[in-house]
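A short write-up of the structure that comes next.
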Amino acid sequence: MNPVVGIAAFAAVSLATAVIGFYGLRISRTTGDFYVASRTVRPWWNASAIGGEYLSAASFLGVAGLILLSGTDALWFPVGYTAGYLMLLLFVAAPLRRSGAYTIPDFTEARLDSRVVRSVTSIIVVMVGWLYIVPQLHGAALAIRITTGLPAWVGMVAVVAVVCVTVVAGGMRSITFVQAFQYWLKLTALAVPILFIVLVLSDSGTPAVAESSVNPTGAAPAGLYQNISLLVALLFGTLGLPHVLVRFYTNPDGQSARRTTLIVLGLLSVFYLFPTAYGLIGRMFAPGLAQSGQADALVLLLPGELVGGMAGDLLSALVVAGAFAAFLSTTSGLVVSLAGVISQDLFGGSVKGFRRAAVISAVVPLGIASMTGSLALAGSVGMVFAFTASTLCPVLLLGIWWRGLTDAGAIAGMATGAVLCGGAMAAGAVLGAGESPPWLAQPAAWTVPAAFAVMVLVSRATRTRVPRTITRLMTRLHTPERPLVTER
């Protein structure tokens, strides 16, 4: 790919992001604007913004790369990512919106009447956010190196700089416009090149196709345990992602939150058709990319491989723009959710404190990413989902649906999930991807039940600590809100 074209694509999407972000600044004035866009975001806008921030580097690049490497085993990723939203619709979206909280720690403090629970939840939310931002920066480093030849750190620094500018400028109100735009850019950036690729392949007679029995890497297929554990991580992990959950606080009411989730399911289902198509076409017509260690760059390289010429460069430029939109939108959503937590716990919750917290939220993972090597993008994000499913998901589900949850049980369960899943991730990193046993490589199948079990058992042993306000709070969570009536 022509480096000039790649740099131009990156510059264009960065400039568009900054311009739209500054538009949001014009209407961001209050604390509510910065934290939850004053709860005025309508379903289609919010659904597009959720799609923008949820479809990360793992979705845009990693899914296609994993299909290239693993074939049908990798299809669990788009299935799990999408089905997790169905669980979000059924169990979390509307009750969480009715809680009236700005952040997940706000919810756990109100539900369990405990500042200690809030502090523990805040720590875990920050850990999850930073763990999730790191793969986005690794993806940016990969994309900038592959497409422009510039040093990898340029991509990471550029993403952090653009995100800091847009988030600090207008907070949630600002990035809502940015992320909605970036979803449709990402969808276009995948759809248009794949249509051209299909046309080229159909017009070229009978292209050389790899034999169906050929495995590009020779890796053994995943076993039943690994597939089940991955699905558990993706389904339950979605319920605890802080940057996704905070989006439901921006809807005007619970009915809008449910409608938003239904629209998101449709948007995700359409989007994941295209990374799947890239992976399958790459496996058939460009298996050499897997053997050269460039699987995660398949989406970036496939137009040049199969179309070529100026047309291939232009299509690649569009894909590059979509890729950077993925890195920017997910990172900005995570930074907003983390800034909300950090500013309320450390800086008093003011707009100035939000802005300071936003810079901290973006700079710390930049340091982590610069000191660590990039793993397979979808795989590394899958581990973040496993960690979230083992920590935040149990306290949210039990907090919403079980009256018997106590502060002691919540703390014990979150600590258990964090230690078990974090320990498995650390052990797997030490042993290496090829040497880790399945129960370490995919720990969610046992760490999630362990966290739920400890949370329930400790809560039952400390049942006298159930808050006295539990009846009033549970009624609030499960009583449908009245639709907003506009006066004429």
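Ligands are numbered from 1 in the order shown, chains are lettered A, B, ... in the order of the structure tokens, and residues start at 1 in each chain.
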
Considering only C-alpha atoms, return as a list of chain:residue names whatever protein or nucleic-acid residues lie within 8 Å of Gly62 (chain A), sequence-local ones (same chain, fewer than 2 positions apart) excluded. A:Ala57, A:Ala58, A:Ser59, A:Phe60, A:Ala64, A:Gly65, A:Leu66, A:Asp296, A:Ala376, A:Leu377, A:Ala378, A:Gly379

Written selection (C-alpha atoms) as a PDB file, in the first residue's frame:
```pdb
ATOM      1  CA  ALA A  57      -9.984  -3.350  17.174  1.00  0.00           C
ATOM      2  CA  ALA A  58     -10.982  -6.929  18.001  1.00  0.00           C
ATOM      3  CA  SER A  59     -14.131  -6.636  15.890  1.00  0.00           C
ATOM      4  CA  PHE A  60     -12.696  -4.646  12.996  1.00  0.00           C
ATOM      5  CA  ALA A  64     -11.206 -11.642  10.422  1.00  0.00           C
ATOM      6  CA  GLY A  65      -7.677 -12.539  11.539  1.00  0.00           C
ATOM      7  CA  LEU A  66      -8.928 -15.291  13.832  1.00  0.00           C
ATOM      8  CA  ASP A 296      -4.536  -9.303  12.354  1.00  0.00           C
ATOM      9  CA  ALA A 376      -3.814 -11.530  18.771  1.00  0.00           C
ATOM     10  CA  LEU A 377      -6.301  -8.681  19.035  1.00  0.00           C
ATOM     11  CA  ALA A 378      -9.518 -10.676  19.364  1.00  0.00           C
ATOM     12  CA  GLY A 379      -7.863 -13.079  21.802  1.00  0.00           C
TER      13      GLY A 379
END
```

Report as a list in words all protein, DNA and RNA residues lying within 8 Å of Pro303 (chain A), evaluated on only C-alpha atoms, omitting residues in the same chain fewer than 2 positions from it. Pro193, Ile194, Ile197, Val299, Leu300, Leu301, Glu305, Leu306, Val307, Gly308, Gly312, Asp313, Leu315 and Ser316 of chain A

Taking the DSSP assignment computed from this structure's backbone, write out as an MDAnalysis selection string all residues of region 12-218 of chain A that belong to helix (DSSP H, G or I). chainID A and resid 12:25 31:39 43:54 57:91 93:98 104:112 115:148 152:203

Env of region 227-240 of chain A: 6 Å cut, atoms = only C-alpha atoms, seq-sep filter 6 positions within chain, self excluded. Answer as a PyMOL selection string. chain A and resi 80-81+84+88+385-386+388-389+392-393+442+444-445

For the residues selected in the previous step, produce a file with all heavy atoms as an mmCIF file, in the first residue's frame.
```
data_model
loop_
_atom_site.group_PDB
_atom_site.id
_atom_site.type_symbol
_atom_site.label_atom_id
_atom_site.label_comp_id
_atom_site.auth_asym_id
_atom_site.auth_seq_id
_atom_site.Cartn_x
_atom_site.Cartn_y
_atom_site.Cartn_z
ATOM 1 N N GLY A 80 -20.853 -14.432 20.032
ATOM 2 C CA GLY A 80 -20.850 -14.055 21.440
ATOM 3 C C GLY A 80 -20.995 -12.563 21.647
ATOM 4 O O GLY A 80 -21.733 -12.114 22.537
ATOM 5 N N TYR A 81 -20.296 -11.761 20.827
ATOM 6 C CA TYR A 81 -20.399 -10.309 20.952
ATOM 7 C C TYR A 81 -21.844 -9.844 20.752
ATOM 8 O O TYR A 81 -22.344 -8.964 21.464
ATOM 9 C CB TYR A 81 -19.518 -9.613 19.903
ATOM 10 C CG TYR A 81 -18.037 -9.700 20.156
ATOM 11 C CD1 TYR A 81 -17.138 -9.782 19.089
ATOM 12 C CD2 TYR A 81 -17.518 -9.673 21.443
ATOM 13 C CE1 TYR A 81 -15.768 -9.834 19.305
ATOM 14 C CE2 TYR A 81 -16.150 -9.726 21.662
ATOM 15 C CZ TYR A 81 -15.279 -9.819 20.589
ATOM 16 O OH TYR A 81 -13.928 -9.872 20.803
ATOM 17 N N GLY A 84 -24.375 -11.318 23.505
ATOM 18 C CA GLY A 84 -24.213 -10.642 24.788
ATOM 19 C C GLY A 84 -25.146 -9.451 24.911
ATOM 20 O O GLY A 84 -25.640 -9.143 26.009
ATOM 21 N N LEU A 88 -27.998 -8.345 27.653
ATOM 22 C CA LEU A 88 -28.042 -6.986 28.170
ATOM 23 C C LEU A 88 -29.468 -6.438 28.104
ATOM 24 O O LEU A 88 -29.948 -5.783 29.040
ATOM 25 C CB LEU A 88 -27.100 -6.106 27.343
ATOM 26 C CG LEU A 88 -26.619 -4.798 27.944
ATOM 27 C CD1 LEU A 88 -25.765 -5.059 29.172
ATOM 28 C CD2 LEU A 88 -25.812 -4.021 26.911
ATOM 29 N N PHE A 385 -12.929 -9.627 28.398
ATOM 30 C CA PHE A 385 -14.305 -10.037 28.626
ATOM 31 C C PHE A 385 -14.380 -11.074 29.743
ATOM 32 O O PHE A 385 -15.299 -11.043 30.566
ATOM 33 C CB PHE A 385 -14.902 -10.618 27.339
ATOM 34 C CG PHE A 385 -15.507 -9.599 26.421
ATOM 35 C CD1 PHE A 385 -14.721 -8.682 25.751
ATOM 36 C CD2 PHE A 385 -16.868 -9.541 26.225
ATOM 37 C CE1 PHE A 385 -15.261 -7.738 24.905
ATOM 38 C CE2 PHE A 385 -17.447 -8.601 25.383
ATOM 39 C CZ PHE A 385 -16.631 -7.699 24.723
ATOM 40 N N ALA A 386 -13.439 -12.019 29.777
ATOM 41 C CA ALA A 386 -13.433 -13.022 30.835
ATOM 42 C C ALA A 386 -13.254 -12.370 32.203
ATOM 43 O O ALA A 386 -13.918 -12.741 33.178
ATOM 44 C CB ALA A 386 -12.318 -14.043 30.581
ATOM 45 N N THR A 388 -14.013 -9.243 33.036
ATOM 46 C CA THR A 388 -15.226 -8.486 33.346
ATOM 47 C C THR A 388 -16.356 -9.416 33.771
ATOM 48 O O THR A 388 -17.100 -9.122 34.718
ATOM 49 C CB THR A 388 -15.663 -7.670 32.120
ATOM 50 O OG1 THR A 388 -14.560 -6.899 31.652
ATOM 51 C CG2 THR A 388 -16.817 -6.759 32.446
ATOM 52 N N ALA A 389 -16.487 -10.546 33.065
ATOM 53 C CA ALA A 389 -17.530 -11.513 33.422
ATOM 54 C C ALA A 389 -17.321 -12.095 34.810
ATOM 55 O O ALA A 389 -18.285 -12.492 35.471
ATOM 56 C CB ALA A 389 -17.553 -12.642 32.388
ATOM 57 N N LEU A 392 -17.401 -7.725 37.432
ATOM 58 C CA LEU A 392 -18.498 -6.769 37.419
ATOM 59 C C LEU A 392 -19.840 -7.404 37.089
ATOM 60 O O LEU A 392 -20.880 -6.989 37.617
ATOM 61 C CB LEU A 392 -18.201 -5.652 36.407
ATOM 62 C CG LEU A 392 -16.980 -4.785 36.719
ATOM 63 C CD1 LEU A 392 -16.748 -3.770 35.603
ATOM 64 C CD2 LEU A 392 -17.141 -4.075 38.054
ATOM 65 N N CYS A 393 -19.845 -8.408 36.221
ATOM 66 C CA CYS A 393 -21.107 -9.030 35.841
ATOM 67 C C CYS A 393 -21.858 -9.626 37.040
ATOM 68 O O CYS A 393 -23.058 -9.384 37.192
ATOM 69 C CB CYS A 393 -20.863 -10.098 34.770
ATOM 70 S SG CYS A 393 -22.327 -11.076 34.384
ATOM 71 N N GLN A 442 -8.507 -20.140 28.606
ATOM 72 C CA GLN A 442 -9.903 -19.692 28.606
ATOM 73 C C GLN A 442 -10.496 -19.979 29.994
ATOM 74 O O GLN A 442 -11.136 -21.003 30.215
ATOM 75 C CB GLN A 442 -10.712 -20.415 27.524
ATOM 76 C CG GLN A 442 -10.299 -20.114 26.110
ATOM 77 C CD GLN A 442 -10.699 -18.701 25.699
ATOM 78 O OE1 GLN A 442 -11.415 -18.011 26.408
ATOM 79 N NE2 GLN A 442 -10.232 -18.272 24.529
ATOM 80 N N ALA A 444 -12.898 -18.452 31.843
ATOM 81 C CA ALA A 444 -14.217 -17.961 32.243
ATOM 82 C C ALA A 444 -15.162 -19.072 32.683
ATOM 83 O O ALA A 444 -16.012 -18.862 33.560
ATOM 84 C CB ALA A 444 -14.853 -17.169 31.097
ATOM 85 N N ALA A 445 -15.027 -20.274 32.119
ATOM 86 C CA ALA A 445 -15.946 -21.365 32.445
ATOM 87 C C ALA A 445 -15.902 -21.743 33.919
ATOM 88 O O ALA A 445 -16.885 -22.265 34.460
ATOM 89 C CB ALA A 445 -15.641 -22.591 31.578
#
```

Give me the residues within 9 Å of Thr82 (chain A) as a count of residues only, counting only C-alpha atoms and dropping any in the same chain fewer than 2 places off. 15
